[in-house]
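Engineer: run_38.txt is reproduced below (compact mmCIF, C-alpha atoms).
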```txt
# COMPACT_ATOMS: atom_id res chain seq x y z
CA MET A 16 -47.38 48.88 55.11
CA ASP A 17 -50.55 47.10 56.13
CA LEU A 18 -50.89 43.31 56.41
CA ASP A 19 -52.77 42.81 53.13
CA LYS A 20 -50.16 44.79 51.19
CA GLY A 21 -47.39 42.81 52.92
CA LYS A 22 -49.03 39.50 51.99
CA GLU A 23 -49.48 40.67 48.41
CA LYS A 24 -45.80 41.63 48.14
CA PHE A 25 -44.76 38.30 49.71
CA ILE A 26 -46.85 36.38 47.15
CA GLU A 27 -45.23 38.36 44.31
CA LEU A 28 -41.75 37.76 45.77
CA TRP A 29 -42.34 34.02 46.29
CA GLY A 30 -43.64 33.77 42.70
CA SER A 31 -40.48 35.41 41.37
CA LEU A 32 -38.25 33.20 43.52
CA GLY A 33 -40.16 30.11 42.42
CA SER A 34 -39.34 30.90 38.81
CA GLN A 35 -35.65 31.00 39.72
CA TRP A 36 -35.96 27.66 41.57
CA GLY A 37 -37.39 25.92 38.53
CA VAL A 38 -41.04 26.10 39.60
CA ASN A 39 -43.58 28.00 37.54
CA ARG A 40 -44.64 31.38 38.87
CA THR A 41 -48.29 30.47 39.48
CA MET A 42 -47.36 27.33 41.40
CA ALA A 43 -45.10 29.41 43.67
CA GLN A 44 -47.78 32.08 44.10
CA ILE A 45 -50.36 29.48 45.15
CA HIS A 46 -47.85 28.08 47.62
CA ALA A 47 -47.21 31.59 49.00
CA LEU A 48 -50.94 32.32 49.26
CA LEU A 49 -51.49 29.13 51.24
CA LEU A 50 -48.43 29.86 53.42
CA VAL A 51 -49.77 33.26 54.46
CA SER A 52 -53.34 32.05 54.92
CA THR A 53 -54.43 31.19 58.46
CA ASN A 54 -57.29 29.03 57.16
CA PRO A 55 -57.49 26.28 54.54
CA MET A 56 -58.51 27.62 51.12
CA SER A 57 -60.71 26.14 48.41
CA THR A 58 -59.84 26.17 44.73
CA GLU A 59 -62.39 28.93 44.20
CA GLU A 60 -60.75 31.10 46.87
CA ILE A 61 -57.33 30.52 45.32
CA MET A 62 -58.69 31.42 41.87
CA GLU A 63 -60.28 34.60 43.17
CA SER A 64 -57.28 35.72 45.19
CA LEU A 65 -54.76 35.23 42.39
CA LYS A 66 -57.08 35.93 39.44
CA ILE A 67 -56.27 32.62 37.74
CA SER A 68 -58.34 30.03 35.91
CA ARG A 69 -59.73 26.88 37.50
CA GLY A 70 -57.48 24.69 35.35
CA ASN A 71 -54.40 26.67 36.35
CA ALA A 72 -55.38 26.51 40.04
CA ASN A 73 -56.12 22.77 39.92
CA MET A 74 -53.00 21.80 37.97
CA ASN A 75 -50.63 23.80 40.18
CA THR A 76 -52.30 22.75 43.43
CA ARG A 77 -51.92 19.10 42.39
CA SER A 78 -48.24 19.71 41.65
CA LEU A 79 -47.78 21.27 45.08
CA ILE A 80 -49.43 18.21 46.63
CA ASP A 81 -47.06 15.95 44.63
CA TRP A 82 -44.11 17.94 45.97
CA GLY A 83 -45.45 17.51 49.52
CA LEU A 84 -45.73 21.27 50.01
CA VAL A 85 -49.54 21.40 50.20
CA HIS A 86 -52.04 19.08 51.86
CA LYS A 87 -55.76 18.51 51.33
CA VAL A 88 -58.03 19.25 54.24
CA LEU A 89 -61.59 18.03 54.59
CA LYS A 90 -64.11 20.25 56.30
CA HIS A 91 -67.02 18.50 58.00
CA GLY A 92 -70.21 18.93 55.97
CA GLU A 93 -68.39 20.41 52.94
CA ARG A 94 -67.98 18.77 49.55
CA LYS A 95 -65.26 21.17 48.42
CA GLU A 96 -61.60 20.36 48.78
CA TYR A 97 -59.57 22.73 50.90
CA PHE A 98 -55.81 23.13 50.95
CA ILE A 99 -53.15 24.17 53.43
CA ALA A 100 -49.43 24.67 52.99
CA GLU A 101 -46.80 22.77 54.95
CA SER A 102 -46.05 25.22 57.75
CA ASP A 103 -42.65 23.89 58.86
CA MET A 104 -40.23 25.90 56.73
CA TRP A 105 -37.39 23.45 57.38
CA GLU A 106 -39.60 20.69 55.99
CA VAL A 107 -40.52 22.91 53.01
CA SER A 108 -36.82 23.48 52.31
CA ARG A 109 -36.06 19.77 52.55
CA LYS A 110 -38.90 18.85 50.20
CA ILE A 111 -37.88 21.46 47.64
CA ALA A 112 -34.26 20.27 47.79
CA SER A 113 -35.40 16.67 47.42
CA GLU A 114 -37.61 17.39 44.42
CA ARG A 115 -34.97 19.51 42.72
CA ARG A 116 -32.40 16.74 43.29
CA LYS A 117 -34.73 14.09 41.81
CA ARG A 118 -35.87 16.20 38.87
CA GLU A 119 -32.62 17.89 37.92
CA LEU A 120 -29.47 16.57 39.54
CA SER A 121 -30.13 12.82 39.26
CA PRO A 122 -30.93 12.95 35.52
CA LEU A 123 -27.87 15.17 34.97
CA ILE A 124 -25.64 12.63 36.72
CA ASP A 125 -27.14 9.79 34.66
CA ARG A 126 -26.46 11.65 31.41
CA LEU A 127 -22.96 12.66 32.48
CA ASN A 128 -22.16 9.05 33.37
CA ILE A 129 -23.00 8.08 29.80
CA LEU A 130 -20.59 10.76 28.56
CA GLY A 131 -18.06 9.59 31.12
CA ASP A 132 -17.40 6.52 28.97
CA PHE A 133 -14.83 8.71 27.24
CA LYS A 134 -11.45 7.78 28.62
CA ALA A 135 -9.17 10.73 29.36
CA SER A 136 -6.09 8.58 28.80
CA LYS A 137 -6.97 7.87 25.16
CA GLY A 138 -7.36 10.12 22.19
CA ASN A 139 -6.11 13.48 21.13
CA LYS A 140 -5.89 16.73 23.07
CA GLU A 141 -9.52 17.72 22.40
CA GLU A 142 -10.84 14.32 23.51
CA LYS A 143 -8.81 14.48 26.71
CA HIS A 144 -10.04 18.02 27.38
CA PHE A 145 -13.65 16.95 26.85
CA ALA A 146 -13.24 13.85 29.04
CA ASN A 147 -11.66 15.92 31.85
CA LEU A 148 -14.46 18.49 31.64
CA VAL A 149 -17.17 15.83 31.89
CA GLU A 150 -15.31 14.19 34.78
CA GLU A 151 -15.04 17.46 36.72
CA ILE A 152 -18.71 18.35 36.22
CA THR A 153 -19.73 14.82 37.21
CA GLU A 154 -17.65 15.04 40.38
CA ILE A 155 -19.32 18.32 41.39
CA ALA A 156 -22.78 16.98 40.57
CA VAL A 157 -22.20 13.78 42.57
CA LYS A 158 -20.91 15.73 45.59
CA SER A 159 -23.91 18.09 45.37
CA ASP A 160 -26.22 15.07 45.18
CA LYS A 161 -24.66 13.55 48.31
CA PHE A 162 -24.94 16.88 50.13
CA LEU A 163 -28.63 17.25 49.23
CA LYS A 164 -29.30 13.65 50.32
CA LYS A 165 -27.79 14.50 53.71
CA ILE A 166 -29.97 17.60 54.00
CA GLU A 167 -33.05 15.49 53.24
CA LYS A 168 -32.21 13.20 56.16
CA THR A 169 -31.04 15.74 58.74
CA GLU A 170 -32.95 17.39 61.50
CA GLN A 171 -33.10 21.17 61.55
CA ASN A 172 -31.13 21.64 64.79
CA TRP A 173 -28.22 19.48 63.63
CA PHE A 174 -27.95 21.22 60.28
CA THR A 175 -28.33 24.74 61.69
CA ASN A 176 -25.68 24.10 64.36
CA ALA A 177 -23.26 22.64 61.79
CA LEU A 178 -23.84 25.56 59.44
CA PHE A 179 -23.18 28.14 62.18
CA LYS A 180 -19.99 26.35 63.22
CA PHE A 181 -18.83 26.37 59.62
CA MET A 182 -19.63 30.10 59.26
CA LYS A 183 -17.64 31.00 62.40
CA LYS A 184 -14.43 29.56 60.94
```
Since I need it in another form, could you write the structure as structure tokens?
Structural biologist:
Amino acid sequence: MDLDKGKEKFIELWGSLGSQWGVNRTMAQIHALLLVSTNPMSTEEIMESLKISRGNANMNTRSLIDWGLVHKVLKHGERKEYFIAESDMWEVSRKIASERRKRELSPLIDRLNILGDFKASKGNKEEKHFANLVEEITEIAVKSDKFLKKIEKTEQNWFTNALFKFMKK
């Protein structure tokens, strides 16, 4: 397989994975395109490479900037904006985990806490069952939230070493 075909397949794969991570396909494909590019790319180059509209390219590039996964680059003497992807994959992973935690897990915990006002000790069998269910899900969500917060703050070497130690056991 030649390099161009490999890059194309990677962009397709990253787009599919992005959909599973809660990111739209085009946003993930733009991220992948910028990851595999050795030079900053303009909106026009992104549009041409992925065969997408200007609005789609602009909206998704802005979202990637908001996530901290893409950065603007200014080229001397150019009026166009150029973009590069964050190249440190550990940092990319941390930023994705952070955004997913903020956008999904935190609101879930807030909503579950409202439901948690049910008291398991009161009520009939169905109410107790419901209260226990909400409590268990809340506990898992809170522990997941704490874990993701730790990942956000850790350095790659510490986390990798801890993970390998855990896997050896």
Engineer: For Arg116 (chain A), list every protein, DNA or RNA residue within 12 Å, evaluated using all atoms listed in the file, and leave out those in the same chain fewer than 4 positions away; present the list as a ChimeraX atom specification.
Structural biologist: /A:36-37,109-112,120-124,156-167
Engineer: Write out as a list in words which residues come within 7 Å of Gln44 (chain A) when counting only C-alpha atoms, dropping same-chain ones fewer than 6 positions away.
Structural biologist: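 Near Gln44 (chain A), the qualifying residues are Ile26, Glu27, Trp29 and Gly30 of chain A.
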Engineer: Provide the CA of Thr41 (chain A) to CA of Gly83 (chain A) distance in Å, to one decimal place.
Structural biologist: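 Here the two named atoms are 16.6 Å from each other.
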Engineer: Do a neighbour search on Ser52 (chain A) at 12 Å with only C-alpha atoms, toss out local chain neighbours closer than 4 positions, and write the hits as a PDB file with C-alpha atoms, keeping the file's coordinate frame.
Structural biologist:
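Dumped to result33.pdb:
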```pdb
ATOM      1  CA  LEU A  18     -50.890  43.310  56.410  1.00  0.00           C
ATOM      2  CA  ASP A  19     -52.770  42.810  53.130  1.00  0.00           C
ATOM      3  CA  LYS A  22     -49.030  39.500  51.990  1.00  0.00           C
ATOM      4  CA  GLU A  23     -49.480  40.670  48.410  1.00  0.00           C
ATOM      5  CA  PHE A  25     -44.760  38.300  49.710  1.00  0.00           C
ATOM      6  CA  ILE A  26     -46.850  36.380  47.150  1.00  0.00           C
ATOM      7  CA  ILE A  45     -50.360  29.480  45.150  1.00  0.00           C
ATOM      8  CA  HIS A  46     -47.850  28.080  47.620  1.00  0.00           C
ATOM      9  CA  ALA A  47     -47.210  31.590  49.000  1.00  0.00           C
ATOM     10  CA  LEU A  48     -50.940  32.320  49.260  1.00  0.00           C
ATOM     11  CA  MET A  56     -58.510  27.620  51.120  1.00  0.00           C
ATOM     12  CA  SER A  57     -60.710  26.140  48.410  1.00  0.00           C
ATOM     13  CA  GLU A  60     -60.750  31.100  46.870  1.00  0.00           C
ATOM     14  CA  ILE A  61     -57.330  30.520  45.320  1.00  0.00           C
ATOM     15  CA  SER A  64     -57.280  35.720  45.190  1.00  0.00           C
ATOM     16  CA  TYR A  97     -59.570  22.730  50.900  1.00  0.00           C
ATOM     17  CA  PHE A  98     -55.810  23.130  50.950  1.00  0.00           C
ATOM     18  CA  ILE A  99     -53.150  24.170  53.430  1.00  0.00           C
ATOM     19  CA  ALA A 100     -49.430  24.670  52.990  1.00  0.00           C
ATOM     20  CA  GLU A 101     -46.800  22.770  54.950  1.00  0.00           C
ATOM     21  CA  SER A 102     -46.050  25.220  57.750  1.00  0.00           C
TER      22      SER A 102
END
```
Engineer: For a cutoff of 10 Å around the file-coordinate point (-54.3, 17.5, 50.1), which residues qualify once you count all atoms listed in the file? I'd like the result as a short mmCIF file (atom, residue, chain, number, x, y, z; two decimals) with C-alpha atoms, keeping the file's coordinate frame.
Structural biologist:
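Final output, out-v8.cif:
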```cif
data_model
loop_
_atom_site.label_atom_id
_atom_site.label_comp_id
_atom_site.auth_asym_id
_atom_site.auth_seq_id
_atom_site.Cartn_x
_atom_site.Cartn_y
_atom_site.Cartn_z
CA THR A 76 -52.30 22.75 43.43
CA ARG A 77 -51.92 19.10 42.39
CA LEU A 79 -47.78 21.27 45.08
CA ILE A 80 -49.43 18.21 46.63
CA ASP A 81 -47.06 15.95 44.63
CA GLY A 83 -45.45 17.51 49.52
CA LEU A 84 -45.73 21.27 50.01
CA VAL A 85 -49.54 21.40 50.20
CA HIS A 86 -52.04 19.08 51.86
CA LYS A 87 -55.76 18.51 51.33
CA VAL A 88 -58.03 19.25 54.24
CA LEU A 89 -61.59 18.03 54.59
CA GLU A 96 -61.60 20.36 48.78
CA TYR A 97 -59.57 22.73 50.90
CA PHE A 98 -55.81 23.13 50.95
CA ILE A 99 -53.15 24.17 53.43
CA ALA A 100 -49.43 24.67 52.99
#
```
Engineer: Return the single residue from A:His144, A:Val38, A:Lys168, A:Lys66 that is closest to Glu119 (chain A), with distances computed using all atoms listed in the file.
Structural biologist: A:Val38
Engineer: A:Thr169, A:Thr53, A:Asn39, A:Ser113: which is nearest Ser78 (chain A), counting only C-alpha atoms?
Structural biologist: A:Asn39
Engineer: Find the residue from A:Ser68, A:Ser108, A:Thr58, A:Asn128 that sits nearest to Glu151 (chain A); use all atoms listed in the file when measuring.
Structural biologist: A:Asn128
Engineer: Taking only C-alpha atoms into account, which of A:Met74, A:Val51, A:Leu127, A:Met42 comes nearest Lys20 (chain A)?
Structural biologist: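 The shortest atom-to-atom distance to Lys20 (chain A) comes from A:Val51.
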Engineer: If the box runs along x, y and z of the file and leaves 3 Å on each side of region 136-149 of chain A, what are its centre and edge lengths in Å, one decimal, as JSON?
Structural biologist:
```
{"center_x": -11.5, "center_y": 13.2, "center_z": 26.5, "size_x": 17.3, "size_y": 16.6, "size_z": 16.8}
```
Engineer: Would you save region 61-76 of chain A to a file, keeping N, CA, C and O atoms, as a PDB file, in the first residue's frame?
Structural biologist:
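Output file out-v7.pdb follows:
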```
ATOM      1  N   ILE A  61      -8.361  21.823   2.990  1.00  0.00           N
ATOM      2  CA  ILE A  61      -9.171  20.842   3.720  1.00  0.00           C
ATOM      3  C   ILE A  61     -10.416  20.499   2.907  1.00  0.00           C
ATOM      4  O   ILE A  61     -10.763  19.323   2.734  1.00  0.00           O
ATOM      5  N   MET A  62     -11.074  21.533   2.377  1.00  0.00           N
ATOM      6  CA  MET A  62     -12.278  21.331   1.568  1.00  0.00           C
ATOM      7  C   MET A  62     -11.986  20.441   0.368  1.00  0.00           C
ATOM      8  O   MET A  62     -12.735  19.503   0.075  1.00  0.00           O
ATOM      9  N   GLU A  63     -10.908  20.742  -0.315  1.00  0.00           N
ATOM     10  CA  GLU A  63     -10.540  19.996  -1.518  1.00  0.00           C
ATOM     11  C   GLU A  63     -10.176  18.548  -1.195  1.00  0.00           C
ATOM     12  O   GLU A  63     -10.606  17.619  -1.879  1.00  0.00           O
ATOM     13  N   SER A  64      -9.415  18.357  -0.144  1.00  0.00           N
ATOM     14  CA  SER A  64      -8.969  17.005   0.210  1.00  0.00           C
ATOM     15  C   SER A  64     -10.123  16.106   0.615  1.00  0.00           C
ATOM     16  O   SER A  64     -10.145  14.921   0.277  1.00  0.00           O
ATOM     17  N   LEU A  65     -11.078  16.656   1.366  1.00  0.00           N
ATOM     18  CA  LEU A  65     -12.175  15.843   1.890  1.00  0.00           C
ATOM     19  C   LEU A  65     -13.470  15.985   1.091  1.00  0.00           C
ATOM     20  O   LEU A  65     -14.466  15.334   1.404  1.00  0.00           O
ATOM     21  N   LYS A  66     -13.460  16.861   0.092  1.00  0.00           N
ATOM     22  CA  LYS A  66     -14.652  17.095  -0.737  1.00  0.00           C
ATOM     23  C   LYS A  66     -15.835  17.513   0.130  1.00  0.00           C
ATOM     24  O   LYS A  66     -16.915  16.913   0.082  1.00  0.00           O
ATOM     25  N   ILE A  67     -15.616  18.565   0.937  1.00  0.00           N
ATOM     26  CA  ILE A  67     -16.671  19.081   1.812  1.00  0.00           C
ATOM     27  C   ILE A  67     -16.868  20.567   1.542  1.00  0.00           C
ATOM     28  O   ILE A  67     -16.006  21.224   0.950  1.00  0.00           O
ATOM     29  N   SER A  68     -17.975  21.097   1.999  1.00  0.00           N
ATOM     30  CA  SER A  68     -18.294  22.506   1.786  1.00  0.00           C
ATOM     31  C   SER A  68     -17.469  23.396   2.720  1.00  0.00           C
ATOM     32  O   SER A  68     -16.935  22.940   3.734  1.00  0.00           O
ATOM     33  N   ARG A  69     -17.412  24.675   2.361  1.00  0.00           N
ATOM     34  CA  ARG A  69     -16.698  25.651   3.186  1.00  0.00           C
ATOM     35  C   ARG A  69     -17.323  25.745   4.578  1.00  0.00           C
ATOM     36  O   ARG A  69     -16.628  25.771   5.589  1.00  0.00           O
ATOM     37  N   GLY A  70     -18.644  25.781   4.638  1.00  0.00           N
ATOM     38  CA  GLY A  70     -19.325  25.865   5.935  1.00  0.00           C
ATOM     39  C   GLY A  70     -19.009  24.676   6.821  1.00  0.00           C
ATOM     40  O   GLY A  70     -18.758  24.826   8.020  1.00  0.00           O
ATOM     41  N   ASN A  71     -19.020  23.486   6.231  1.00  0.00           N
ATOM     42  CA  ASN A  71     -18.719  22.266   6.965  1.00  0.00           C
ATOM     43  C   ASN A  71     -17.265  22.298   7.461  1.00  0.00           C
ATOM     44  O   ASN A  71     -16.983  21.968   8.615  1.00  0.00           O
ATOM     45  N   ALA A  72     -16.361  22.719   6.591  1.00  0.00           N
ATOM     46  CA  ALA A  72     -14.943  22.799   6.967  1.00  0.00           C
ATOM     47  C   ALA A  72     -14.744  23.826   8.084  1.00  0.00           C
ATOM     48  O   ALA A  72     -14.057  23.549   9.076  1.00  0.00           O
ATOM     49  N   ASN A  73     -15.335  24.996   7.948  1.00  0.00           N
ATOM     50  CA  ASN A  73     -15.173  26.051   8.962  1.00  0.00           C
ATOM     51  C   ASN A  73     -15.762  25.647  10.310  1.00  0.00           C
ATOM     52  O   ASN A  73     -15.119  25.800  11.345  1.00  0.00           O
ATOM     53  N   MET A  74     -16.992  25.137  10.289  1.00  0.00           N
ATOM     54  CA  MET A  74     -17.668  24.775  11.533  1.00  0.00           C
ATOM     55  C   MET A  74     -16.889  23.688  12.287  1.00  0.00           C
ATOM     56  O   MET A  74     -16.665  23.794  13.496  1.00  0.00           O
ATOM     57  N   ASN A  75     -16.449  22.667  11.577  1.00  0.00           N
ATOM     58  CA  ASN A  75     -15.759  21.562  12.232  1.00  0.00           C
ATOM     59  C   ASN A  75     -14.334  21.929  12.641  1.00  0.00           C
ATOM     60  O   ASN A  75     -13.852  21.454  13.673  1.00  0.00           O
ATOM     61  N   THR A  76     -13.680  22.782  11.878  1.00  0.00           N
ATOM     62  CA  THR A  76     -12.345  23.244  12.276  1.00  0.00           C
ATOM     63  C   THR A  76     -12.444  24.077  13.552  1.00  0.00           C
ATOM     64  O   THR A  76     -11.628  23.919  14.463  1.00  0.00           O
TER      65      THR A  76
END
```
